[in-house]
file input37.txt (compact mmCIF, C-alpha atoms)
# COMPACT_ATOMS: atom_id res chain seq x y z
CA MET H 91 -121.61 85.04 101.42
CA ASN H 92 -119.88 82.09 103.02
CA THR H 93 -121.36 81.12 106.34
CA LEU H 94 -119.01 78.29 107.29
CA PRO H 95 -115.94 79.24 109.34
CA GLN H 96 -112.85 79.59 107.18
CA TYR H 97 -109.32 78.47 107.99
CA ALA H 98 -106.06 78.80 106.12
CA ILE H 99 -103.11 76.53 106.81
CA ILE H 100 -100.01 78.29 105.52
CA VAL H 101 -97.22 75.78 105.06
CA ALA H 102 -93.77 77.29 105.27
CA GLY H 103 -91.35 74.43 105.54
CA GLY H 104 -88.57 75.52 103.22
CA SER H 105 -84.92 75.91 103.95
CA GLY H 106 -82.65 78.35 102.11
CA THR H 107 -80.70 75.72 100.14
CA ARG H 108 -81.93 76.49 96.63
CA MET H 109 -81.77 80.19 97.41
CA ILE H 110 -78.06 80.07 98.33
CA SER H 111 -79.18 81.95 101.41
CA GLU H 112 -78.73 81.43 105.13
CA LEU H 113 -82.26 82.63 105.68
CA PRO H 114 -85.08 80.14 104.99
CA LYS H 115 -86.68 81.34 101.77
CA GLN H 116 -90.02 82.24 103.37
CA PHE H 117 -88.20 84.81 105.53
CA ILE H 118 -86.38 86.56 102.68
CA PRO H 119 -87.65 90.14 102.33
CA LEU H 120 -89.60 91.09 99.25
CA ASP H 121 -90.08 94.83 98.83
CA GLY H 122 -89.01 95.26 102.45
CA LEU H 123 -91.19 92.57 104.07
CA PRO H 124 -90.52 88.83 104.53
CA ILE H 125 -92.27 86.76 101.85
CA LEU H 126 -94.31 84.88 104.44
CA MET H 127 -95.76 88.10 105.85
CA HIS H 128 -96.94 89.13 102.39
CA THR H 129 -98.62 85.74 102.02
CA ILE H 130 -100.40 85.97 105.36
CA LYS H 131 -101.54 89.52 104.62
CA GLN H 132 -103.24 88.37 101.40
CA PHE H 133 -105.44 85.96 103.34
CA TYR H 134 -106.42 88.59 105.91
CA ASN H 135 -107.05 90.98 103.10
CA TYR H 136 -109.46 88.44 101.64
CA ASN H 137 -111.26 87.73 104.95
CA SER H 138 -110.40 89.52 108.17
CA ASN H 139 -112.24 86.80 110.15
CA ILE H 140 -110.23 83.91 108.78
CA THR H 141 -108.26 81.76 111.23
CA ILE H 142 -104.70 81.34 110.05
CA VAL H 143 -102.64 78.37 111.13
CA LEU H 144 -98.98 78.86 110.29
CA VAL H 145 -96.99 75.65 110.07
CA LEU H 146 -93.28 76.31 110.55
CA PRO H 147 -90.31 74.01 111.21
CA ALA H 148 -89.83 73.97 114.99
CA ALA H 149 -86.30 75.31 114.59
CA GLN H 150 -87.61 78.42 112.80
CA ILE H 151 -90.30 79.48 115.24
CA SER H 152 -88.02 81.68 117.34
CA THR H 153 -86.67 83.38 114.22
CA TRP H 154 -90.21 84.01 113.03
CA LYS H 155 -91.17 85.56 116.37
CA ALA H 156 -88.13 87.81 116.24
CA LEU H 157 -89.04 88.86 112.69
CA CYS H 158 -92.59 89.66 113.80
CA GLN H 159 -91.15 92.05 116.40
CA THR H 160 -88.72 93.60 113.93
CA TYR H 161 -91.44 94.19 111.34
CA HIS H 162 -94.18 95.03 113.88
CA PHE H 163 -96.19 92.20 112.34
CA ASP H 164 -99.05 91.48 114.71
CA LEU H 165 -101.77 89.74 112.69
CA PRO H 166 -103.27 86.93 114.81
CA LEU H 167 -101.76 83.56 113.96
CA GLU H 168 -101.73 80.11 115.42
CA ILE H 169 -98.27 78.64 115.05
CA VAL H 170 -97.86 74.90 114.74
CA PRO H 171 -94.56 73.03 114.35
CA GLY H 172 -94.12 71.29 111.00
CA GLY H 173 -93.47 67.61 110.39
CA GLU H 174 -90.85 65.71 108.45
CA THR H 175 -92.76 66.06 105.19
CA ARG H 176 -95.33 68.40 103.73
CA PHE H 177 -98.00 65.74 104.35
CA GLN H 178 -97.06 65.62 108.04
CA SER H 179 -96.96 69.40 108.26
CA VAL H 180 -100.46 69.78 106.82
CA LYS H 181 -101.65 66.98 109.10
CA ASN H 182 -100.24 68.86 112.11
CA GLY H 183 -102.03 71.99 110.94
CA LEU H 184 -105.32 70.13 110.54
CA ALA H 185 -104.99 68.51 113.98
CA HIS H 186 -104.66 71.98 115.47
CA ILE H 187 -108.09 72.98 114.12
CA LYS H 188 -110.55 71.68 116.69
CA ASN H 189 -113.67 72.58 114.74
CA GLU H 190 -114.98 69.75 112.59
CA HIS H 191 -117.03 71.91 110.26
CA GLY H 192 -115.81 74.61 108.01
CA LEU H 193 -113.63 75.23 105.00
CA VAL H 194 -109.88 75.13 104.91
CA ALA H 195 -107.35 76.51 102.45
CA ILE H 196 -103.90 74.95 102.30
CA HIS H 197 -101.43 77.44 100.85
CA ASP H 198 -97.69 77.59 100.23
CA GLY H 199 -96.00 80.19 102.41
CA VAL H 200 -93.84 81.20 99.43
CA ARG H 201 -96.74 82.12 97.14
CA PRO H 202 -97.28 85.75 98.20
CA LEU H 203 -98.80 86.89 94.89
CA ILE H 204 -102.22 85.39 95.49
CA ARG H 205 -105.19 87.65 94.81
CA LYS H 206 -108.21 87.71 97.08
CA GLU H 207 -110.56 87.05 94.14
CA ILE H 208 -108.84 83.72 93.54
CA ILE H 209 -108.88 82.76 97.24
CA GLN H 210 -112.59 83.54 97.21
CA LYS H 211 -113.28 81.41 94.12
CA ALA H 212 -111.41 78.48 95.66
CA PHE H 213 -113.34 78.72 98.94
CA GLN H 214 -116.65 79.01 97.08
CA SER H 215 -115.84 75.89 95.08
CA ALA H 216 -114.92 74.03 98.29
CA GLU H 217 -118.23 75.05 99.84
CA GLN H 218 -120.20 73.96 96.80
CA TYR H 219 -118.28 70.92 95.57
CA GLY H 220 -116.03 69.85 98.45
CA SER H 221 -112.83 71.20 96.94
CA GLY H 222 -111.44 74.13 94.97
CA ILE H 223 -107.91 73.69 93.67
CA VAL H 224 -106.25 76.62 91.95
CA ALA H 225 -104.78 75.69 88.59
CA VAL H 226 -103.66 77.33 85.35
CA ASN H 227 -103.19 76.14 81.79
CA SER H 228 -99.74 75.12 80.69
CA LYS H 229 -98.13 77.95 78.73
CA ASP H 230 -95.61 75.60 77.16
CA SER H 231 -96.02 72.62 74.90
CA LEU H 232 -95.60 69.44 76.93
CA ARG H 233 -93.86 66.16 76.18
CA GLN H 234 -94.24 62.99 78.19
CA LEU H 235 -91.09 60.98 78.87
CA LYS H 236 -91.32 57.35 77.76
CA GLY H 237 -88.23 55.41 78.74
CA THR H 238 -85.32 57.07 76.96
CA SER H 239 -87.65 58.82 74.52
CA SER H 240 -90.55 61.25 74.79
CA GLU H 241 -93.76 62.03 72.96
CA ALA H 242 -95.86 65.12 72.42
CA VAL H 243 -99.05 65.37 74.48
CA ASP H 244 -101.94 67.79 74.05
CA ARG H 245 -101.19 70.55 76.51
CA ALA H 246 -104.87 71.55 76.55
CA LEU H 247 -105.48 68.37 78.55
CA PHE H 248 -103.13 69.36 81.37
CA LYS H 249 -103.39 71.86 84.20
CA CYS H 250 -100.54 73.21 86.31
CA ILE H 251 -101.55 73.03 89.96
CA GLN H 252 -100.93 75.86 92.41
CA THR H 253 -102.25 76.72 95.84
CA PRO H 254 -104.50 77.59 97.60
CA GLN H 255 -106.16 74.23 97.62
CA CYS H 256 -109.43 74.64 99.49
CA PHE H 257 -111.50 71.85 101.00
CA ASN H 258 -114.43 70.92 103.14
CA LEU H 259 -112.64 70.71 106.50
CA SER H 260 -114.14 67.48 107.81
CA LEU H 261 -113.59 65.66 104.51
CA LEU H 262 -109.96 66.76 104.38
CA LYS H 263 -109.35 65.79 108.01
CA LYS H 264 -110.66 62.29 107.29
CA ALA H 265 -108.62 62.10 104.08
CA PHE H 266 -105.44 62.83 106.06
CA GLU H 267 -106.08 59.88 108.38
CA THR H 268 -104.42 57.68 105.76
CA GLU H 269 -100.81 56.57 105.77
CA GLU H 270 -98.53 58.84 103.75
CA LEU H 271 -97.91 57.63 100.19
CA PRO H 272 -95.27 58.78 97.66
CA MET H 273 -98.08 59.78 95.26
CA PHE H 274 -99.16 62.55 97.66
CA THR H 275 -97.47 65.46 95.87
CA ASP H 276 -100.05 67.93 97.10
CA ASP H 277 -103.20 68.06 99.23
CA ALA H 278 -105.51 67.42 96.28
CA THR H 279 -103.95 63.99 95.75
CA VAL H 280 -104.61 63.10 99.40
CA PHE H 281 -108.22 64.24 99.02
CA GLU H 282 -108.58 62.31 95.78
CA HIS H 283 -107.07 59.17 97.32
CA ALA H 284 -109.89 59.25 99.89
CA GLY H 285 -112.38 58.92 97.04
CA HIS H 286 -113.41 62.54 96.63
CA THR H 287 -113.57 64.57 93.44
CA VAL H 288 -111.04 67.31 92.89
CA THR H 289 -112.58 70.48 91.46
CA LEU H 290 -110.27 72.93 89.74
CA VAL H 291 -110.66 76.71 89.72
CA GLU H 292 -108.82 79.05 87.38
CA GLY H 293 -105.82 80.78 88.87
CA SER H 294 -103.32 83.33 87.63
CA TYR H 295 -99.77 83.04 86.29
CA GLU H 296 -98.50 85.68 88.70
CA ASN H 297 -99.17 83.35 91.67
CA ILE H 298 -95.66 81.92 91.48
CA LYS H 299 -93.97 79.73 94.08
CA ILE H 300 -90.72 81.39 95.05
CA THR H 301 -88.02 78.75 95.10
CA THR H 302 -85.01 80.12 93.22
CA PRO H 303 -83.13 83.45 93.13
CA GLU H 304 -84.74 84.13 89.71
CA ASP H 305 -88.19 83.70 91.27
CA LEU H 306 -87.29 86.34 93.82
CA ILE H 307 -86.45 88.81 91.04
CA ILE H 308 -89.70 87.97 89.25
CA ALA H 309 -91.79 88.27 92.41
CA GLU H 310 -90.24 91.60 93.31
CA ALA H 311 -91.14 92.94 89.84
CA LEU H 312 -94.69 91.54 89.93
CA LEU H 313 -95.34 92.79 93.44
CA LYS H 314 -94.73 96.38 92.30
CA LYS H 315 -97.78 96.07 89.99
CA PHE H 316 -99.85 93.97 92.38
CA MET N 1099 -66.38 72.49 67.46
CA ASN N 1100 -69.28 72.42 65.06
CA THR N 1101 -68.21 72.24 61.45
CA LEU N 1102 -71.63 72.24 59.78
CA PRO N 1103 -73.04 75.66 58.80
CA GLN N 1104 -75.52 76.95 61.36
CA TYR N 1105 -78.79 78.75 60.72
CA ALA N 1106 -81.37 80.24 63.03
CA ILE N 1107 -84.94 80.89 61.93
CA ILE N 1108 -86.39 83.45 64.29
CA VAL N 1109 -90.17 83.35 64.11
CA ALA N 1110 -91.83 86.61 65.09
CA GLY N 1111 -95.42 86.33 64.04
CA GLY N 1112 -97.22 87.84 67.00
CA SER N 1113 -99.65 90.70 67.09
CA GLY N 1114 -100.12 92.93 70.11
CA THR N 1115 -103.57 91.65 71.07
CA ARG N 1116 -102.72 89.92 74.36
CA MET N 1117 -100.39 92.80 75.20
CA ILE N 1118 -103.13 95.43 74.93
CA SER N 1119 -100.64 97.23 72.73
CA GLU N 1120 -100.72 98.71 69.24
CA LEU N 1121 -97.19 97.54 68.70
CA PRO N 1122 -96.70 93.83 67.83
CA LYS N 1123 -95.24 92.27 70.97
CA GLN N 1124 -91.87 91.43 69.40
CA PHE N 1125 -91.31 95.17 68.81
CA ILE N 1126 -92.06 96.30 72.38
CA PRO N 1127 -88.92 97.71 73.99
CA LEU N 1128 -87.32 95.85 76.85
CA ASP N 1129 -84.68 97.83 78.69
CA GLY N 1130 -84.64 100.29 75.79
CA LEU N 1131 -84.40 97.83 72.88
CA PRO N 1132 -87.18 95.96 71.02
CA ILE N 1133 -87.58 92.39 72.29
CA LEU N 1134 -86.78 90.94 68.87
CA MET N 1135 -83.43 92.73 68.72
CA HIS N 1136 -82.44 91.23 72.07
CA THR N 1137 -83.34 87.80 70.73
CA ILE N 1138 -81.31 88.21 67.54
CA LYS N 1139 -78.33 89.52 69.51
CA GLN N 1140 -78.25 86.38 71.66
CA PHE N 1141 -77.79 84.20 68.57
CA TYR N 1142 -74.99 86.38 67.20
CA ASN N 1143 -73.45 86.42 70.62
CA TYR N 1144 -73.43 82.62 70.52
CA ASN N 1145 -71.98 82.39 66.97
CA SER N 1146 -71.00 85.44 64.95
CA ASN N 1147 -70.99 83.32 61.77
CA ILE N 1148 -74.55 82.08 62.12
CA THR N 1149 -77.01 82.92 59.33
CA ILE N 1150 -80.20 84.39 60.76
CA VAL N 1151 -83.47 84.17 58.88
CA LEU N 1152 -86.06 86.45 60.42
CA VAL N 1153 -89.64 85.49 59.58
CA LEU N 1154 -91.98 88.45 60.01
CA PRO N 1155 -95.58 89.06 58.93
CA ALA N 1156 -95.37 90.88 55.58
CA ALA N 1157 -97.29 93.82 57.05
CA GLN N 1158 -94.63 94.31 59.74
CA ILE N 1159 -91.53 94.33 57.57
CA SER N 1160 -91.53 98.09 56.96
CA THR N 1161 -92.01 98.78 60.68
CA TRP N 1162 -89.11 96.48 61.43
CA LYS N 1163 -86.86 98.27 58.94
CA ALA N 1164 -87.79 101.62 60.46
CA LEU N 1165 -87.00 100.27 63.93
CA CYS N 1166 -83.61 99.03 62.73
CA GLN N 1167 -82.80 102.58 61.62
CA THR N 1168 -84.07 104.11 64.84
CA TYR N 1169 -82.02 101.73 66.98
CA HIS N 1170 -79.01 101.59 64.63
CA PHE N 1171 -79.49 97.84 64.52
CA ASP N 1172 -77.40 96.54 61.65
CA LEU N 1173 -76.72 92.86 62.33
CA PRO N 1174 -77.01 90.94 59.04
CA LEU N 1175 -80.42 89.31 58.65
CA GLU N 1176 -82.38 87.66 55.89
CA ILE N 1177 -86.00 88.71 56.16
CA VAL N 1178 -88.71 86.36 54.96
CA PRO N 1179 -92.47 87.05 55.05
CA GLY N 1180 -94.42 84.80 57.39
CA GLY N 1181 -97.32 82.52 56.53
CA GLU N 1182 -100.83 82.11 57.91
CA THR N 1183 -99.66 79.78 60.67
CA ARG N 1184 -96.45 79.11 62.55
CA PHE N 1185 -95.99 75.94 60.47
CA GLN N 1186 -96.19 77.97 57.26
CA SER N 1187 -93.86 80.62 58.63
CA VAL N 1188 -91.19 78.08 59.53
CA LYS N 1189 -91.67 76.44 56.15
CA ASN N 1190 -91.09 79.80 54.44
CA GLY N 1191 -87.95 80.26 56.51
CA LEU N 1192 -86.67 76.81 55.59
CA ALA N 1193 -87.39 77.36 51.89
CA HIS N 1194 -85.24 80.47 52.03
CA ILE N 1195 -82.20 78.41 53.13
CA LYS N 1196 -80.73 77.07 49.90
CA ASN N 1197 -78.07 74.92 51.54
CA GLU N 1198 -79.22 71.33 52.12
CA HIS N 1199 -76.66 70.52 54.78
CA GLY N 1200 -76.25 72.13 58.10
CA LEU N 1201 -78.00 72.67 61.39
CA VAL N 1202 -80.95 74.93 62.00
CA ALA N 1203 -82.41 76.41 65.18
CA ILE N 1204 -86.04 77.47 65.21
CA HIS N 1205 -86.59 80.08 67.91
CA ASP N 1206 -89.45 82.26 69.12
CA GLY N 1207 -88.78 85.94 68.50
CA VAL N 1208 -90.26 86.73 71.91
CA ARG N 1209 -87.83 84.57 73.91
CA PRO N 1210 -84.98 87.06 74.37
CA LEU N 1211 -83.63 85.49 77.57
CA ILE N 1212 -81.86 82.61 75.89
CA ARG N 1213 -78.28 81.97 76.97
CA LYS N 1214 -75.59 81.04 74.48
CA GLU N 1215 -74.65 77.94 76.47
CA ILE N 1216 -78.15 76.55 75.92
CA ILE N 1217 -78.15 77.42 72.20
CA GLN N 1218 -74.83 75.59 71.98
CA LYS N 1219 -76.12 72.48 73.75
CA ALA N 1220 -79.15 72.35 71.45
CA PHE N 1221 -77.00 72.65 68.29
CA GLN N 1222 -74.60 69.99 69.59
CA SER N 1223 -77.49 67.63 70.22
CA ALA N 1224 -78.84 68.30 66.70
CA GLU N 1225 -75.43 67.53 65.21
CA GLN N 1226 -75.09 64.33 67.20
CA TYR N 1227 -78.66 63.01 67.34
CA GLY N 1228 -80.59 64.91 64.66
CA SER N 1229 -82.43 67.19 67.07
CA GLY N 1230 -81.97 69.18 70.26
CA ILE N 1231 -85.13 70.56 71.81
CA VAL N 1232 -84.83 72.84 74.80
CA ALA N 1233 -87.07 71.75 77.67
CA VAL N 1234 -87.40 72.21 81.42
CA ASN N 1235 -89.05 70.23 84.19
CA SER N 1236 -92.51 71.25 85.29
CA LYS N 1237 -92.26 73.31 88.47
CA ASP N 1238 -95.91 72.68 89.30
CA SER N 1239 -97.82 69.52 90.03
CA LEU N 1240 -99.82 68.51 86.97
CA ARG N 1241 -103.31 67.14 86.56
CA GLN N 1242 -104.69 65.64 83.38
CA LEU N 1243 -108.25 66.55 82.44
CA LYS N 1244 -110.52 63.53 81.89
CA GLY N 1245 -113.94 64.61 80.68
CA THR N 1246 -115.40 66.80 83.43
CA SER N 1247 -112.91 65.47 85.98
CA SER N 1248 -109.13 65.38 86.28
CA GLU N 1249 -106.47 63.12 87.75
CA ALA N 1250 -103.02 63.63 89.18
CA VAL N 1251 -100.11 62.65 86.94
CA ASP N 1252 -96.46 62.26 87.87
CA ARG N 1253 -94.90 65.58 86.91
CA ALA N 1254 -91.47 63.95 86.74
CA LEU N 1255 -92.68 62.30 83.53
CA PHE N 1256 -93.41 65.60 81.77
CA LYS N 1257 -91.21 68.27 80.23
CA CYS N 1258 -92.22 71.82 79.34
CA ILE N 1259 -90.99 72.59 75.84
CA GLN N 1260 -89.31 75.85 74.90
CA THR N 1261 -87.21 77.01 71.98
CA PRO N 1262 -84.67 76.91 70.41
CA GLN N 1263 -85.52 73.65 68.75
CA CYS N 1264 -82.45 72.64 66.73
CA PHE N 1265 -82.40 70.11 63.91
CA ASN N 1266 -80.40 68.56 61.15
CA LEU N 1267 -81.34 70.92 58.33
CA SER N 1268 -82.03 68.39 55.59
CA LEU N 1269 -84.11 66.18 57.88
CA LEU N 1270 -86.21 69.13 59.00
CA LYS N 1271 -86.72 70.37 55.44
CA LYS N 1272 -88.04 66.94 54.45
CA ALA N 1273 -90.21 66.77 57.55
CA PHE N 1274 -91.86 70.06 56.57
CA GLU N 1275 -92.86 68.66 53.18
CA THR N 1276 -95.91 67.18 54.90
CA GLU N 1277 -99.38 68.70 54.98
CA GLU N 1278 -100.02 70.81 58.08
CA LEU N 1279 -101.80 68.93 60.88
CA PRO N 1280 -103.50 70.29 64.03
CA MET N 1281 -101.09 68.20 66.14
CA PHE N 1282 -98.16 70.35 64.98
CA THR N 1283 -97.89 72.58 68.03
CA ASP N 1284 -94.19 73.11 67.55
CA ASP N 1285 -91.37 72.09 65.20
CA ALA N 1286 -90.47 69.03 67.22
CA THR N 1287 -93.91 67.52 66.53
CA VAL N 1288 -93.38 68.02 62.77
CA PHE N 1289 -89.97 66.34 63.03
CA GLU N 1290 -91.40 63.50 65.10
CA HIS N 1291 -94.28 63.02 62.64
CA ALA N 1292 -91.68 62.35 59.94
CA GLY N 1293 -90.44 59.40 61.96
CA HIS N 1294 -87.45 60.98 63.68
CA THR N 1295 -86.56 60.90 67.34
CA VAL N 1296 -86.86 64.07 69.37
CA THR N 1297 -83.92 64.60 71.72
CA LEU N 1298 -84.42 66.97 74.64
CA VAL N 1299 -81.76 69.20 76.16
CA GLU N 1300 -82.07 70.94 79.52
CA GLY N 1301 -83.07 74.58 79.35
CA SER N 1302 -83.55 77.32 81.91
CA TYR N 1303 -86.65 78.80 83.54
CA GLU N 1304 -85.58 82.33 82.68
CA ASN N 1305 -86.06 81.60 78.94
CA ILE N 1306 -89.67 82.76 79.06
CA LYS N 1307 -91.92 83.45 76.09
CA ILE N 1308 -93.19 87.01 76.41
CA THR N 1309 -96.91 86.98 75.68
CA THR N 1310 -98.64 89.00 78.41
CA PRO N 1311 -97.99 92.34 80.14
CA GLU N 1312 -96.88 90.36 83.25
CA ASP N 1313 -94.28 88.56 81.15
CA LEU N 1314 -92.90 91.91 80.09
CA ILE N 1315 -92.44 92.93 83.73
CA ILE N 1316 -90.78 89.60 84.49
CA ALA N 1317 -88.50 89.79 81.45
CA GLU N 1318 -87.45 93.32 82.27
CA ALA N 1319 -86.48 92.22 85.79
CA LEU N 1320 -84.65 89.10 84.59
CA LEU N 1321 -82.80 90.97 81.85
CA LYS N 1322 -81.18 93.24 84.44
CA LYS N 1323 -79.44 90.19 85.92
CA PHE N 1324 -78.78 88.46 82.60

call {"tool": "encode", "arguments": {"input": "input37.txt", "output": "structure tokens"}}
result
Amino acid sequence: MNTLPQYAIIVAGGSGTRMISELPKQFIPLDGLPILMHTIKQFYNYNSNITIVLVLPAAQISTWKALCQTYHFDLPLEIVPGGETRFQSVKNGLAHIKNEHGLVAIHDGVRPLIRKEIIQKAFQSAEQYGSGIVAVNSKDSLRQLKGTSSEAVDRALFKCIQTPQCFNLSLLKKAFETEELPMFTDDATVFEHAGHTVTLVEGSYENIKITTPEDLIIAEALLKKF
Amino acid sequence: MNTLPQYAIIVAGGSGTRMISELPKQFIPLDGLPILMHTIKQFYNYNSNITIVLVLPAAQISTWKALCQTYHFDLPLEIVPGGETRFQSVKNGLAHIKNEHGLVAIHDGVRPLIRKEIIQKAFQSAEQYGSGIVAVNSKDSLRQLKGTSSEAVDRALFKCIQTPQCFNLSLLKKAFETEELPMFTDDATVFEHAGHTVTLVEGSYENIKITTPEDLIIAEALLKKF
């Protein structure tokens, strides 16, 4: 069993633009419940003692609170306003955690189809190796663009990165003390930039990130069998 | 308008192993019709004058014929027995096409969610540039494995390859005169190995390859909105 305190920073910074929806995508209902509530429930389902820090754009906090009343959603959460970028949002979430020791998962608010077994594996890897980044093999052949042309690459050498990305809390806090760089496409790259090794753990294809209307259809179908 | 004759080689070599099904996956019904029949219909829907060569494992041909009777499926098809590998199967399909001039699409039998607009773009690219390979951007961050470690790569430089892969028929026939190599993960790599340039055309995320039970759930949901 894990003995270190566990935290999850759920980053929900999306707008509704790609969804052609007025509602920010994380608030769109899936099987009768906003996506973000499904996501949060998965983490409590994994560990009822976890501390969840929800990072939301400041302008969405009142909407979220109204939704919590509507849906009688009362799981304990610490709400933190997001920043201009994902990096800033995660940094705000980390700053909110006063403890220096523990393990922290960073997870996309719009990935509700995350199983507790995978969250557990990622936390265990973070405890043992400093990080546990959920990743899957590429299902498709890959080609690398080279100028105006492209060339085949061996897809077995590439992993598609998902979340959660779990880390030793104090190492990640220090890693985020850097200036933001364009290469920081996820939290693992920030961690790596600080000189640490990124350890991958095997995820699942169903753990999709909901960003388009098609994803919503897919997620709705997968959730029925979840 | 295209003036060259158009062919489509539909490769349906799968067994049911990953589907935990007795039925080869291309025969599993989706919304009441075997997956493979949906796929074939999309190509006829794109061009009613196309010649379709269906490559099936020899052991499955009688099952297929029985299914065609059951479902009253009578679109004209030329059936060719498959080979040991995908390379051999495509080669068998190409050998069956006696014409030396034209355009040919190679397509996975288990990708039924292909839109005619994308088939058209791929054929147009093949007519103009020699090839038209359907590809989409990676939705996920990517990491490249390096020994026991891994490093972040810029996902904007990578494309996920789908089918159809469309080609100038005579160029592809010549390209397939080579010995089979392990690097031939798709038809584009065979074409490229013969010294030709691979041209990519933008596809769609819904054009999934159905290989797992989850994919079947996803495809069923997407097909309803197709």

call {"tool": "residues_near_point", "arguments": {"input": "input37.txt", "point": "(-92.8, 81.8, 102.0)", "cutoff": "8 Å", "atoms": "all atoms listed in the file", "output": "PyMOL selection string"}}
result
chain H and resi 102+104+115-117+124-127+129+198-202+300

call {"tool": "closest_atom_pairs", "arguments": {"input": "input37.txt", "of": "chain N", "to": "chain H", "cutoff": "8 Å", "atoms": "only C-alpha atoms", "output": "tab-separated table"}}
result
residue	atom	partner	partner_atom	distance
N:Asp1238	CA	H:Cys250	CA	5.5
N:Ser1239	CA	H:Ile251	CA	5.1
N:Leu1240	CA	H:Cys250	CA	4.8
N:Arg1241	CA	H:Lys249	CA	5.3
N:Gln1242	CA	H:Phe248	CA	4.5
N:Leu1243	CA	H:Leu247	CA	5.1
N:Lys1244	CA	H:Leu247	CA	7.7
N:Ser1247	CA	H:Val288	CA	7.4
N:Ser1248	CA	H:Val288	CA	7.1
N:Ala1250	CA	H:Thr279	CA	6.6
N:Asp1252	CA	H:Met273	CA	8.0
N:Leu1255	CA	H:Leu235	CA	5.1
N:Phe1256	CA	H:Gln234	CA	4.5
N:Lys1257	CA	H:Arg233	CA	5.3
N:Cys1258	CA	H:Leu232	CA	4.8
N:Ile1259	CA	H:Ser231	CA	5.1
N:Gln1260	CA	H:Asp230	CA	6.7
N:Met1281	CA	H:Asp244	CA	8.0
N:Thr1283	CA	H:Ser231	CA	7.1
N:Asp1284	CA	H:Ser231	CA	7.6
N:Thr1287	CA	H:Ala242	CA	6.7
N:Thr1295	CA	H:Ser239	CA	7.6
N:Val1296	CA	H:Ser240	CA	7.1
N:Thr1297	CA	H:Ser239	CA	7.4
N:Glu1304	CA	H:Glu304	CA	7.3
N:Glu1312	CA	H:Leu312	CA	7.1
N:Ile1315	CA	H:Ala311	CA	6.2
N:Ile1316	CA	H:Ile308	CA	5.1
N:Ala1319	CA	H:Ala311	CA	6.2
N:Leu1320	CA	H:Ile307	CA	6.7

call {"tool": "residues_around", "arguments": {"input": "input37.txt", "residues": "Leu184 (chain H)", "least_positions_apart": "5", "cutoff": "9 Å", "atoms": "only C-alpha atoms", "output": "list in words"}}
result
Ile99, Val143, Ser179, Val194, Leu259, Leu262, Lys263 and Phe266 of chain H

call {"tool": "residues_near_point", "arguments": {"input": "input37.txt", "point": "(-97.5, 66.7, 105.6)", "cutoff": "12 Å", "atoms": "all atoms listed in the file", "output": "NGL selection string"}}
result
:H and (99-103 or 145-147 or 171-185 or 196 or 266-272 or 274-277 or 280)

call {"tool": "write_last_selection", "arguments": {"input": "input37.txt", "atoms": "C-alpha atoms", "output": "CSV table (one decimal), keeping the file's coordinate frame"}}
result
chain,number,residue,atom,x,y,z
H,99,ILE,CA,-103.1,76.5,106.8
H,100,ILE,CA,-100.0,78.3,105.5
H,101,VAL,CA,-97.2,75.8,105.1
H,102,ALA,CA,-93.8,77.3,105.3
H,103,GLY,CA,-91.4,74.4,105.5
H,145,VAL,CA,-97.0,75.6,110.1
H,146,LEU,CA,-93.3,76.3,110.6
H,147,PRO,CA,-90.3,74.0,111.2
H,171,PRO,CA,-94.6,73.0,114.4
H,172,GLY,CA,-94.1,71.3,111.0
H,173,GLY,CA,-93.5,67.6,110.4
H,174,GLU,CA,-90.8,65.7,108.4
H,175,THR,CA,-92.8,66.1,105.2
H,176,ARG,CA,-95.3,68.4,103.7
H,177,PHE,CA,-98.0,65.7,104.4
H,178,GLN,CA,-97.1,65.6,108.0
H,179,SER,CA,-97.0,69.4,108.3
H,180,VAL,CA,-100.5,69.8,106.8
H,181,LYS,CA,-101.6,67.0,109.1
H,182,ASN,CA,-100.2,68.9,112.1
H,183,GLY,CA,-102.0,72.0,110.9
H,184,LEU,CA,-105.3,70.1,110.5
H,185,ALA,CA,-105.0,68.5,114.0
H,196,ILE,CA,-103.9,75.0,102.3
H,266,PHE,CA,-105.4,62.8,106.1
H,267,GLU,CA,-106.1,59.9,108.4
H,268,THR,CA,-104.4,57.7,105.8
H,269,GLU,CA,-100.8,56.6,105.8
H,270,GLU,CA,-98.5,58.8,103.8
H,271,LEU,CA,-97.9,57.6,100.2
H,272,PRO,CA,-95.3,58.8,97.7
H,274,PHE,CA,-99.2,62.6,97.7
H,275,THR,CA,-97.5,65.5,95.9
H,276,ASP,CA,-100.0,67.9,97.1
H,277,ASP,CA,-103.2,68.1,99.2
H,280,VAL,CA,-104.6,63.1,99.4

call {"tool": "atom_distance", "arguments": {"input": "input37.txt", "atom1": "CA of Thr93 (chain H)", "atom2": "CA of Lys211 (chain H)"}}
result
14.7 Å
